[in-house]
2 protein chains.
Amino acid sequence: MAEEQTLGLTVKKEEDFSEWYNQVVIKAELADHGPIKGFMIIRPNAYAIWETIQEYFNKVIFSHGVRNAYFPLLIPESFFKKEAEHAQGFAPELAWVEKAEGEEKVAIRPTSETIMYDSYAKWIRSWRDLPLRINQWCNVLRWEVKQTKLFLRTREFLWQEGHCVYATKEQTDKEVRLILDEYKKMVEELLAIPVIAGKKTDAEKFAGALYTTTIEALMPDGKALQMGTSHNLGQGFAKSFGLKFLDENRKEQLPWQTSWGFSTRLIGAIIMVHGDDKGLVFPPRIAKNKAVIIPIIFDKSREVVMEKAEKLGKELKSLGVFVDTRDNYSVGWKYSDWELKGIPLRIEIGPKDIEKKQVVVVRRDSGKKEFVPEKDLKKRIPEILEEMQSDMFAKAKKFLDSNIVEAKNYAEFKKLIKDRKFVYAYFCEDAEEEKKIKDETGATSRCIPFDEKEKNAKCIFTGKPAKKRVLFAKAY
Amino acid sequence: MAEEQTLGLTVKKEEDFSEWYNQVVIKAELADHGPIKGFMIIRPNAYAIWETIQEYFNKVIFSHGVRNAYFPLLIPESFFKKEAEHAQGFAPELAWVEKAEGEEKVAIRPTSETIMYDSYAKWIRSWRDLPLRINQWCNVLRWEVKQTKLFLRTREFLWQEGHCVYATKEQTDKEVRLILDEYKKMVEELLAIPVIAGKKTDAEKFAGALYTTTIEALMPDGKALQMGTSHNLGQGFAKSFGLKFLDENRKEQLPWQTSWGFSTRLIGAIIMVHGDDKGLVFPPRIAKNKAVIIPIIFDKSREVVMEKAEKLGKELKSLGVFVDTRDNYSVGWKYSDWELKGIPLRIEIGPKDIEKKQVVVVRRDSGKKEFVPEKDLKKRIPEILEEMQSDMFAKAKKFLDSNIVEAKNYAEFKKLIKDRKFVYAYFCEDAEEEKKIKDETGATSRCIPFDEKEKNAKCIFTGKPAKKRVLFAKAY
């Protein structure tokens with residue numbers, strides 16, 4: 001019992017969400033603080049999630065003709081000055097490297113638009129070179145000063161950034177949305193997190209973009225988390241970086257560009273959305289290890305049980321099942337350990353189960369127990385995992401749906417934001433007005449959902465005409 | 001014809017190896033120079049090789065219980081001072097970041113021993129936490145000033161670095177060798193590059209290590225290329241970074257450590273060893289695209305041939321076969337383009353082949369043509385690819401074997417080094433002496449091969465007793 005107490009969480013998710021999150025991250029060995037303020041160490045338990053996401057998403061983008069590459073970490077100062085809006089957006093976050101004598105000042109990449117497009121300008125000659133679709137998985141650094149929150153707010157994080165070039169606006173519009181739809185699909189089907197997809201208001205769009213699309217999720221503390229963005233960059237960067245191409249009539253044209261990215265903050269979202277008072281809960285599809293077999297050991301039957309457990313472990317290995325063979329820990333301690341670490345299924349096997357030729361399968365999300373005959377395991381385990389995946393999504397969806405409300409006026413809006421809701425409001429999309437709303441309520445516009453229908457309504461803030469409802473929330 | 005001339009290489013590999021290499025790298029779109037001196041852009045054609053290597057090697061290390069993680073890019077100045085030899089070794093190559101007020105000075109990682117072991121010291125408590133086996137794939141930066149050579153000498157490169165902790169020296173000795181053997185297997189079986197495995201002399205070992213093991217390959221210009229190293233770090237880092245563990249008797253002990261790594265310079269080795277006057281030649285196992293179908297188009301039969309090519313392309317897709325459907329290029333231009341880019345097999349299909357229900361398969365390495373009946377393609381393509389892989393290794397092995405010679409005295413040694421050989425010599429392993437040899441001949445000791453038998457011989461340089469032959473060469 002003493003062991004279990006040191007292992008478990010000392011706060012409940014409902015009581016102190018922030019402290020609960022920090023404890024899960026550290027105690028489930030997902031991440032740790034680096035020696036320098038704002039830096040994180042992604043430990044193997046979390047890095048494995050990132051690898052699963054990479055594997056999934058690489059297949060997706062390869063199927064769309066995107067290829068991976070790697071561009072330099074350091075970017076010359078002059079590049080940041082080429083696209084004015086972009087430069088201004090990132091200026092305060094840059095980490096400069098002490099320059100070598102006679103060399104230009106360089107900064108660690110906060111994002112790679114500028115250094116990639118400088119090369120694109122050299123590589124693209126004619127319409128035959130388009131579309132050019134490149135993605136990179138890398139580390140980026142933004143020297144923010146806000147309080148560190150592992151996976152959610154760190155100076156360095158890992159991400160993917162896709163950067164594509166097309167001949168026409170239609171193509172960029174189409175592919176901006178194609179990627180956002182793939183993001184939505186991945187987050188909902190792999191991570192079991194429901195999201196709302198839409199367009200950012202001008203005030204919230206990416207620095208230098210024509211427009212930005214986004215997927216937004218609702219965390220249990222009522223804050224929105226941006227899960228991925230896909231931008232139409234228009235022709236601005238092309239103009240600034242000298243991208244051009246000869247069309248089929250050998251006429252020089254300015255190409256169109258997109259960029260899109262998601263980061264390791266997705267791992268933070270999984271923890272927040274699915275975790276409970278016992279620790280992490282992994283959606284089965286994201287977990288590398290799907291189930292742990294725990295032998296229930298009594299002195300008399302030790303050998304028989306261990307042998308059976310190891311035999312089953314071998315038979316079920318290809319399903320992601322393994323055996324906890326550690327003999328220095330009690331069964332109770334092992335239960336707590338794996339609950340903390342979020343493994344989807346626990347398979348208990350004791351002497352009585354062996355007699356009955358069965359095992360007990362326990363779901364991490366619901367605690368639901370099921371006696372499964374040994375002979376059915378190969379069929380039943382994948383079924384239970386899929387049931388669990390779908391139940392976890394349904395639960396998160398129910399939470400999201402029940403927390404989306406519409407405000408009819410500003411007073412109502414303020415109350416709903418205070419109550420930590422996702423709030424719909426007819427809004428005139430005036431950037432100045434948006435800043436005022438943020439200052440007064442702490443809420444930002446998250447997106448104008450794609451499925452929102454146009455109407456002749458009035459902005460609840462200004463009374464000016466407003467065509468669509470905008471989603472507002474406090475955000476990470 | 002005009003097109004083909006601009007596409008191809010303008011020098012022969014035998015005539016100007018260095019210029020030939022630069023042309024292949026740029027023209028086959030493997031890499032490009034970044035905007036800052038010493039930095040490279042790894043383009044999709046080369047990054048795909050890196051992905052294949054990652055996929056292969058991840059499987060290997062996972063099977064040995066190693067897990068991937070990610071540690072911060074920036075390392076505090078104080079960490080570099082903890083292990084004296086290590087600090088001295090890397091000091092001239094560090095890139096410092098302009099420090100924020102009140103914060104410690106930090107440098108971009110040249111390697112991650114120090115930052116990883118700082119965390120290890122916190123995570124390891126007892127013998128139960130050992131062995132701890134972690135690897136990371138990341139970018140590192142060494143601000144060298146030598147002339148840039150893409151993939152071989154750049155300030156930033158990608159690599160994997162494994163860092164493991166064990167309770168005993170025996171375990172470290174065993175795993176140092178286990179990893180080196182896996183490196184050798186990967187390089188020989190996947191990259192088709194034969195290597196010599198052995199131990200570094202003290203003068204050439206890793207800064208701070210007890211000893212270093214290495215695999216060394218011979219490039220066509222007679223220079224050695226270090227392909228991977230596996231170090232026994234002893235207990236020095238553990239002492240400096242405060243790693244310790246309680247053994248089974250609850251007594252405090254100092255653990256032992258290993259580290260091991262290889263980098264994107266492996267891509268440079270593939271280019272150098274296998275390339276020819278037409279461009280790249282990919283060993284089939286490393287190529288993502290194994291074969292390109294080129295439809296031989298005549299106006300009359302265009303439709304029939306394209307249809308057949310696309311049908312075959314679909315049927316053979318799972319084997320890595322695709323169709324070059326571009327209709328703005330001549331057949332000859334396409335041949336040259338794919339030869340330059342090194343795709344292992346070219347599959348030609350024209351109207352006469354269709355009549356005969358066959359295709360022509362051409363090997364990139366030997367130019368050997370083979371008529372293959374359509375119905376046999378699924379069986380025959382993988383066979384041809386494996387024959388090619390094995391022939392490419394055999395050819396490289398023959399080159400290596402025929403360039404290894406023994407020097408009986410210093411005069412002979414100097415001549416052989418001048419002739420760009422891998423030279424065996426009995427050597428007393430005196431570090432001062434080794435420096436003198438380097439200054440006089442440009443050669444460095446590459447390794448003391450593992451299969452070298454002990455003998456009571458005399459050092460050919462000093463006349464002092466020498467037990468083993470050491471392999472010397474000029475090196476990249």
# chains A, B, ... in the order shown; residues from 1 in each chain; ligands from 1
$ residues_around --residues "region 217-234 of chain B" --least-positions-apart "4" --cutoff "6 Å" --atoms "only C-alpha atoms" --output "list of chain:residue names"
B:Val176, B:Leu180, B:Val195, B:Ala209, B:Leu210, B:Tyr211, B:Thr212, B:Thr213, B:Trp256, B:Gln257, B:Thr258, B:Ser259, B:Trp260, B:Gly261, B:Phe262, B:Val273, B:Arg420, B:Lys421, B:Lys474, B:Ala475, B:Tyr476
$ closest_atom_pairs --of "chain B" --to "chain A" --cutoff "7 Å" --atoms "only C-alpha atoms" --output "tab-separated table"
residue	atom	partner	partner_atom	distance
B:Gly34	CA	A:Pro72	CA	6.7
B:Phe39	CA	A:Pro72	CA	6.2
B:Met40	CA	A:Pro72	CA	6.4
B:Ile41	CA	A:Phe71	CA	4.7
B:Ile42	CA	A:Tyr70	CA	4.9
B:Arg43	CA	A:Ala69	CA	5.0
B:Pro44	CA	A:Ala69	CA	4.8
B:Tyr47	CA	A:Ala69	CA	5.4
B:Arg67	CA	A:Pro44	CA	5.8
B:Asn68	CA	A:Pro44	CA	5.5
B:Ala69	CA	A:Pro44	CA	4.8
B:Tyr70	CA	A:Ile42	CA	5.0
B:Phe71	CA	A:Ile41	CA	4.7
B:Pro72	CA	A:Ile41	CA	6.2
B:Ala95	CA	A:Val97	CA	6.7
B:Trp96	CA	A:Glu98	CA	5.6
B:Val97	CA	A:Val97	CA	4.3
B:Glu98	CA	A:Glu98	CA	5.6
$ write_last_selection --atoms "N, CA and C atoms" --output "compact mmCIF listing (two decimals), in the first residue's frame"
# COMPACT_ATOMS: atom_id res chain seq x y z
N GLY B 34 22.53 25.38 -48.19
CA GLY B 34 21.65 26.33 -47.52
C GLY B 34 22.18 27.73 -47.71
N PHE B 39 25.74 24.83 -44.24
CA PHE B 39 24.45 24.20 -43.97
C PHE B 39 23.87 23.56 -45.22
N MET B 40 23.21 22.41 -45.05
CA MET B 40 22.66 21.72 -46.22
C MET B 40 21.15 21.55 -46.12
N ILE B 41 20.54 21.50 -47.29
CA ILE B 41 19.13 21.16 -47.41
C ILE B 41 19.08 19.72 -47.90
N ILE B 42 18.45 18.85 -47.13
CA ILE B 42 18.33 17.46 -47.56
C ILE B 42 17.02 17.35 -48.34
N ARG B 43 17.13 17.16 -49.64
CA ARG B 43 15.94 17.14 -50.50
C ARG B 43 15.24 15.78 -50.44
N PRO B 44 13.99 15.71 -50.89
CA PRO B 44 13.22 14.47 -50.74
C PRO B 44 13.91 13.20 -51.26
N TYR B 47 16.21 12.41 -48.45
CA TYR B 47 15.54 12.22 -47.16
C TYR B 47 14.82 10.87 -47.12
N ARG B 67 14.44 2.49 -26.54
CA ARG B 67 13.28 3.29 -26.89
C ARG B 67 13.71 4.70 -27.28
N ASN B 68 12.95 5.32 -28.16
CA ASN B 68 13.29 6.66 -28.63
C ASN B 68 12.74 7.75 -27.72
N ALA B 69 13.44 8.85 -27.65
CA ALA B 69 13.02 10.00 -26.85
C ALA B 69 13.52 11.26 -27.54
N TYR B 70 13.23 12.42 -26.92
CA TYR B 70 13.75 13.67 -27.47
C TYR B 70 14.18 14.61 -26.34
N PHE B 71 15.43 15.04 -26.40
CA PHE B 71 16.00 15.95 -25.40
C PHE B 71 16.22 17.33 -26.01
N PRO B 72 16.30 18.37 -25.16
CA PRO B 72 16.38 19.74 -25.66
C PRO B 72 17.57 20.03 -26.58
N ALA B 95 28.09 26.48 -30.98
CA ALA B 95 27.39 27.70 -31.40
C ALA B 95 26.58 28.18 -30.20
N TRP B 96 26.93 29.35 -29.70
CA TRP B 96 26.27 29.90 -28.51
C TRP B 96 25.07 30.75 -28.91
N VAL B 97 24.05 30.68 -28.07
CA VAL B 97 22.86 31.49 -28.31
C VAL B 97 22.94 32.75 -27.45
N GLU B 98 22.60 33.88 -28.06
CA GLU B 98 22.63 35.14 -27.30
C GLU B 98 21.75 34.99 -26.08
$ select_by_dssp --residues "region 179-260 of chain B" --states "helix (DSSP H, G or I)" --output "number ranges by chain"
B: 179-189, 202-204, 236-241
$ write_last_selection --atoms "N, CA and C atoms" --output "PDB file, in the first residue's frame"
ATOM      1  N   ILE B 179      25.783  -3.341 -30.690  1.00  0.00           N
ATOM      2  CA  ILE B 179      25.354  -2.236 -31.557  1.00  0.00           C
ATOM      3  C   ILE B 179      26.292  -2.103 -32.756  1.00  0.00           C
ATOM      4  N   LEU B 180      27.606  -2.210 -32.510  1.00  0.00           N
ATOM      5  CA  LEU B 180      28.530  -2.095 -33.640  1.00  0.00           C
ATOM      6  C   LEU B 180      28.250  -3.197 -34.668  1.00  0.00           C
ATOM      7  N   ASP B 181      27.964  -4.394 -34.179  1.00  0.00           N
ATOM      8  CA  ASP B 181      27.639  -5.498 -35.103  1.00  0.00           C
ATOM      9  C   ASP B 181      26.364  -5.188 -35.896  1.00  0.00           C
ATOM     10  N   GLU B 182      25.394  -4.565 -35.232  1.00  0.00           N
ATOM     11  CA  GLU B 182      24.158  -4.182 -35.942  1.00  0.00           C
ATOM     12  C   GLU B 182      24.458  -3.102 -36.986  1.00  0.00           C
ATOM     13  N   TYR B 183      25.334  -2.162 -36.650  1.00  0.00           N
ATOM     14  CA  TYR B 183      25.754  -1.136 -37.618  1.00  0.00           C
ATOM     15  C   TYR B 183      26.369  -1.805 -38.848  1.00  0.00           C
ATOM     16  N   LYS B 184      27.285  -2.748 -38.587  1.00  0.00           N
ATOM     17  CA  LYS B 184      27.987  -3.421 -39.686  1.00  0.00           C
ATOM     18  C   LYS B 184      26.975  -4.147 -40.578  1.00  0.00           C
ATOM     19  N   LYS B 185      26.047  -4.835 -39.926  1.00  0.00           N
ATOM     20  CA  LYS B 185      25.039  -5.584 -40.666  1.00  0.00           C
ATOM     21  C   LYS B 185      24.189  -4.637 -41.518  1.00  0.00           C
ATOM     22  N   MET B 186      23.768  -3.530 -40.918  1.00  0.00           N
ATOM     23  CA  MET B 186      22.932  -2.584 -41.649  1.00  0.00           C
ATOM     24  C   MET B 186      23.673  -1.997 -42.841  1.00  0.00           C
ATOM     25  N   VAL B 187      24.893  -1.555 -42.612  1.00  0.00           N
ATOM     26  CA  VAL B 187      25.664  -0.907 -43.676  1.00  0.00           C
ATOM     27  C   VAL B 187      25.966  -1.909 -44.792  1.00  0.00           C
ATOM     28  N   GLU B 188      26.292  -3.128 -44.425  1.00  0.00           N
ATOM     29  CA  GLU B 188      26.635  -4.115 -45.453  1.00  0.00           C
ATOM     30  C   GLU B 188      25.392  -4.655 -46.158  1.00  0.00           C
ATOM     31  N   GLU B 189      24.340  -4.953 -45.408  1.00  0.00           N
ATOM     32  CA  GLU B 189      23.179  -5.609 -46.017  1.00  0.00           C
ATOM     33  C   GLU B 189      22.171  -4.640 -46.615  1.00  0.00           C
ATOM     34  N   ASP B 202      43.799   4.983 -28.720  1.00  0.00           N
ATOM     35  CA  ASP B 202      43.466   5.998 -27.713  1.00  0.00           C
ATOM     36  C   ASP B 202      43.461   7.404 -28.309  1.00  0.00           C
ATOM     37  N   ALA B 203      44.349   7.637 -29.259  1.00  0.00           N
ATOM     38  CA  ALA B 203      44.433   8.974 -29.857  1.00  0.00           C
ATOM     39  C   ALA B 203      43.168   9.338 -30.626  1.00  0.00           C
ATOM     40  N   GLU B 204      42.469   8.334 -31.117  1.00  0.00           N
ATOM     41  CA  GLU B 204      41.302   8.582 -31.967  1.00  0.00           C
ATOM     42  C   GLU B 204      39.972   8.307 -31.281  1.00  0.00           C
ATOM     43  N   GLY B 236      33.095   7.512 -16.195  1.00  0.00           N
ATOM     44  CA  GLY B 236      33.508   8.916 -16.081  1.00  0.00           C
ATOM     45  C   GLY B 236      32.356   9.896 -16.122  1.00  0.00           C
ATOM     46  N   PHE B 237      31.461   9.719 -17.092  1.00  0.00           N
ATOM     47  CA  PHE B 237      30.310  10.612 -17.178  1.00  0.00           C
ATOM     48  C   PHE B 237      29.395  10.430 -15.960  1.00  0.00           C
ATOM     49  N   ALA B 238      29.233   9.169 -15.536  1.00  0.00           N
ATOM     50  CA  ALA B 238      28.383   8.883 -14.371  1.00  0.00           C
ATOM     51  C   ALA B 238      28.888   9.668 -13.167  1.00  0.00           C
ATOM     52  N   LYS B 239      30.204   9.647 -12.986  1.00  0.00           N
ATOM     53  CA  LYS B 239      30.799  10.371 -11.867  1.00  0.00           C
ATOM     54  C   LYS B 239      30.540  11.879 -12.024  1.00  0.00           C
ATOM     55  N   SER B 240      30.785  12.396 -13.223  1.00  0.00           N
ATOM     56  CA  SER B 240      30.646  13.845 -13.442  1.00  0.00           C
ATOM     57  C   SER B 240      29.210  14.337 -13.324  1.00  0.00           C
ATOM     58  N   PHE B 241      28.252  13.488 -13.736  1.00  0.00           N
ATOM     59  CA  PHE B 241      26.850  13.944 -13.739  1.00  0.00           C
ATOM     60  C   PHE B 241      26.029  13.390 -12.578  1.00  0.00           C
TER      61      PHE B 241
END
$ residues_around --residues "Phe80 (chain B)" --least-positions-apart "4" --cutoff "9 Å" --atoms "only C-alpha atoms" --output "list in words"
Ile75, Pro76, Ala84, His86, Ala87, Gln88, Phe90, Ala91 and Thr114 of chain B
$ residues_around --residues "Asn456 (chain B)" --least-positions-apart "5" --cutoff "8 Å" --atoms "only C-alpha atoms" --output "PyMOL selection string"
chain B and resi 465-467
$ write_last_selection --atoms "N, CA and C atoms" --output "mmCIF file, in the first residue's frame"
data_model
loop_
_atom_site.group_PDB
_atom_site.id
_atom_site.type_symbol
_atom_site.label_atom_id
_atom_site.label_comp_id
_atom_site.auth_asym_id
_atom_site.auth_seq_id
_atom_site.Cartn_x
_atom_site.Cartn_y
_atom_site.Cartn_z
ATOM 1 N N PRO B 465 57.976 -2.753 -29.175
ATOM 2 C CA PRO B 465 57.103 -3.927 -29.325
ATOM 3 C C PRO B 465 55.698 -3.503 -29.787
ATOM 4 N N ALA B 466 55.100 -4.314 -30.672
ATOM 5 C CA ALA B 466 53.730 -4.051 -31.148
ATOM 6 C C ALA B 466 53.023 -5.389 -31.256
ATOM 7 N N LYS B 467 51.828 -5.474 -30.742
ATOM 8 C CA LYS B 467 51.110 -6.734 -30.712
ATOM 9 C C LYS B 467 50.167 -6.918 -31.888
#
$ decode --residues "region 184-286 of chain B" --atoms "C-alpha atoms" --output "tab-separated table (two decimals), in the first residue's frame"
chain	number	residue	atom	x	y	z
B	184	LYS	CA	27.99	-3.42	-39.69
B	185	LYS	CA	25.04	-5.58	-40.67
B	186	MET	CA	22.93	-2.58	-41.65
B	187	VAL	CA	25.66	-0.91	-43.68
B	188	GLU	CA	26.64	-4.12	-45.45
B	189	GLU	CA	23.18	-5.61	-46.02
B	190	LEU	CA	21.07	-2.50	-46.55
B	191	LEU	CA	23.60	-0.01	-48.01
B	192	ALA	CA	25.73	-2.69	-49.73
B	193	ILE	CA	28.91	-1.12	-48.37
B	194	PRO	CA	31.53	-3.47	-46.87
B	195	VAL	CA	33.27	-2.21	-43.73
B	196	ILE	CA	36.08	-3.12	-41.38
B	197	ALA	CA	35.08	-3.22	-37.73
B	198	GLY	CA	37.51	-2.60	-34.91
B	199	LYS	CA	38.63	-0.54	-31.96
B	200	LYS	CA	40.00	3.00	-32.19
B	201	THR	CA	43.45	3.76	-30.80
B	202	ASP	CA	43.47	6.00	-27.71
B	203	ALA	CA	44.43	8.97	-29.86
B	204	GLU	CA	41.30	8.58	-31.97
B	205	LYS	CA	38.74	7.61	-29.35
B	206	PHE	CA	35.69	9.74	-28.46
B	207	ALA	CA	36.34	12.60	-26.04
B	208	GLY	CA	35.57	11.23	-22.59
B	209	ALA	CA	35.19	7.57	-23.58
B	210	LEU	CA	36.94	4.53	-22.12
B	211	TYR	CA	37.22	3.13	-25.62
B	212	THR	CA	35.59	3.56	-29.02
B	213	THR	CA	34.68	0.94	-31.61
B	214	THR	CA	34.07	1.84	-35.24
B	215	ILE	CA	33.15	0.61	-38.69
B	216	GLU	CA	35.28	2.03	-41.50
B	217	ALA	CA	34.57	1.98	-45.22
B	218	LEU	CA	36.89	2.76	-48.12
B	219	MET	CA	35.69	5.33	-50.62
B	220	PRO	CA	36.63	5.15	-54.34
B	221	ASP	CA	39.14	8.00	-53.93
B	222	GLY	CA	41.04	5.89	-51.39
B	223	LYS	CA	39.86	7.79	-48.35
B	224	ALA	CA	38.36	6.08	-45.32
B	225	LEU	CA	34.91	7.09	-44.11
B	226	GLN	CA	33.85	6.39	-40.53
B	227	MET	CA	30.34	4.95	-40.86
B	228	GLY	CA	29.33	4.61	-37.22
B	229	THR	CA	30.85	4.44	-33.76
B	230	SER	CA	29.91	2.68	-30.54
B	231	HIS	CA	31.57	3.83	-27.34
B	232	ASN	CA	32.12	2.37	-23.91
B	233	LEU	CA	32.00	5.54	-21.80
B	234	GLY	CA	33.14	3.77	-18.66
B	235	GLN	CA	32.07	5.46	-15.41
B	236	GLY	CA	33.51	8.92	-16.08
B	237	PHE	CA	30.31	10.61	-17.18
B	238	ALA	CA	28.38	8.88	-14.37
B	239	LYS	CA	30.80	10.37	-11.87
B	240	SER	CA	30.65	13.84	-13.44
B	241	PHE	CA	26.85	13.94	-13.74
B	242	GLY	CA	26.00	12.23	-10.46
B	243	LEU	CA	24.51	9.00	-11.82
B	244	LYS	CA	24.28	6.30	-9.18
B	245	PHE	CA	22.05	3.40	-8.23
B	246	LEU	CA	21.25	1.24	-5.24
B	247	ASP	CA	22.16	-2.37	-5.96
B	248	GLU	CA	20.17	-5.39	-4.76
B	249	ASN	CA	21.91	-5.10	-1.38
B	250	ARG	CA	20.90	-1.43	-1.19
B	251	LYS	CA	24.51	-0.34	-1.64
B	252	GLU	CA	25.21	2.74	-3.74
B	253	GLN	CA	27.00	1.98	-7.01
B	254	LEU	CA	28.35	3.93	-9.97
B	255	PRO	CA	26.78	2.73	-13.26
B	256	TRP	CA	28.49	2.14	-16.63
B	257	GLN	CA	27.50	3.82	-19.86
B	258	THR	CA	27.58	3.40	-23.62
B	259	SER	CA	26.81	5.73	-26.49
B	260	TRP	CA	26.61	5.07	-30.21
B	261	GLY	CA	25.72	6.97	-33.35
B	262	PHE	CA	25.64	7.26	-37.10
B	263	SER	CA	24.65	10.21	-39.24
B	264	THR	CA	23.38	11.40	-42.62
B	265	ARG	CA	26.95	11.05	-43.88
B	266	LEU	CA	25.90	7.45	-44.65
B	267	ILE	CA	23.98	8.95	-47.58
B	268	GLY	CA	27.26	10.46	-48.83
B	269	ALA	CA	28.86	7.01	-48.64
B	270	ILE	CA	26.10	5.42	-50.75
B	271	ILE	CA	26.58	8.07	-53.43
B	272	MET	CA	30.38	7.73	-53.48
B	273	VAL	CA	30.62	3.94	-53.37
B	274	HIS	CA	27.89	3.04	-55.86
B	275	GLY	CA	27.53	6.02	-58.20
B	276	ASP	CA	28.89	6.00	-61.77
B	277	ASP	CA	29.35	8.35	-64.71
B	278	LYS	CA	25.62	8.42	-65.33
B	279	GLY	CA	24.80	9.41	-61.74
B	280	LEU	CA	23.47	7.68	-58.67
B	281	VAL	CA	23.03	3.94	-58.27
B	282	PHE	CA	20.79	2.97	-55.38
B	283	PRO	CA	21.22	-0.43	-53.75
B	284	PRO	CA	17.69	-1.84	-54.26
B	285	ARG	CA	16.99	-2.40	-50.57
B	286	ILE	CA	17.53	1.28	-49.77
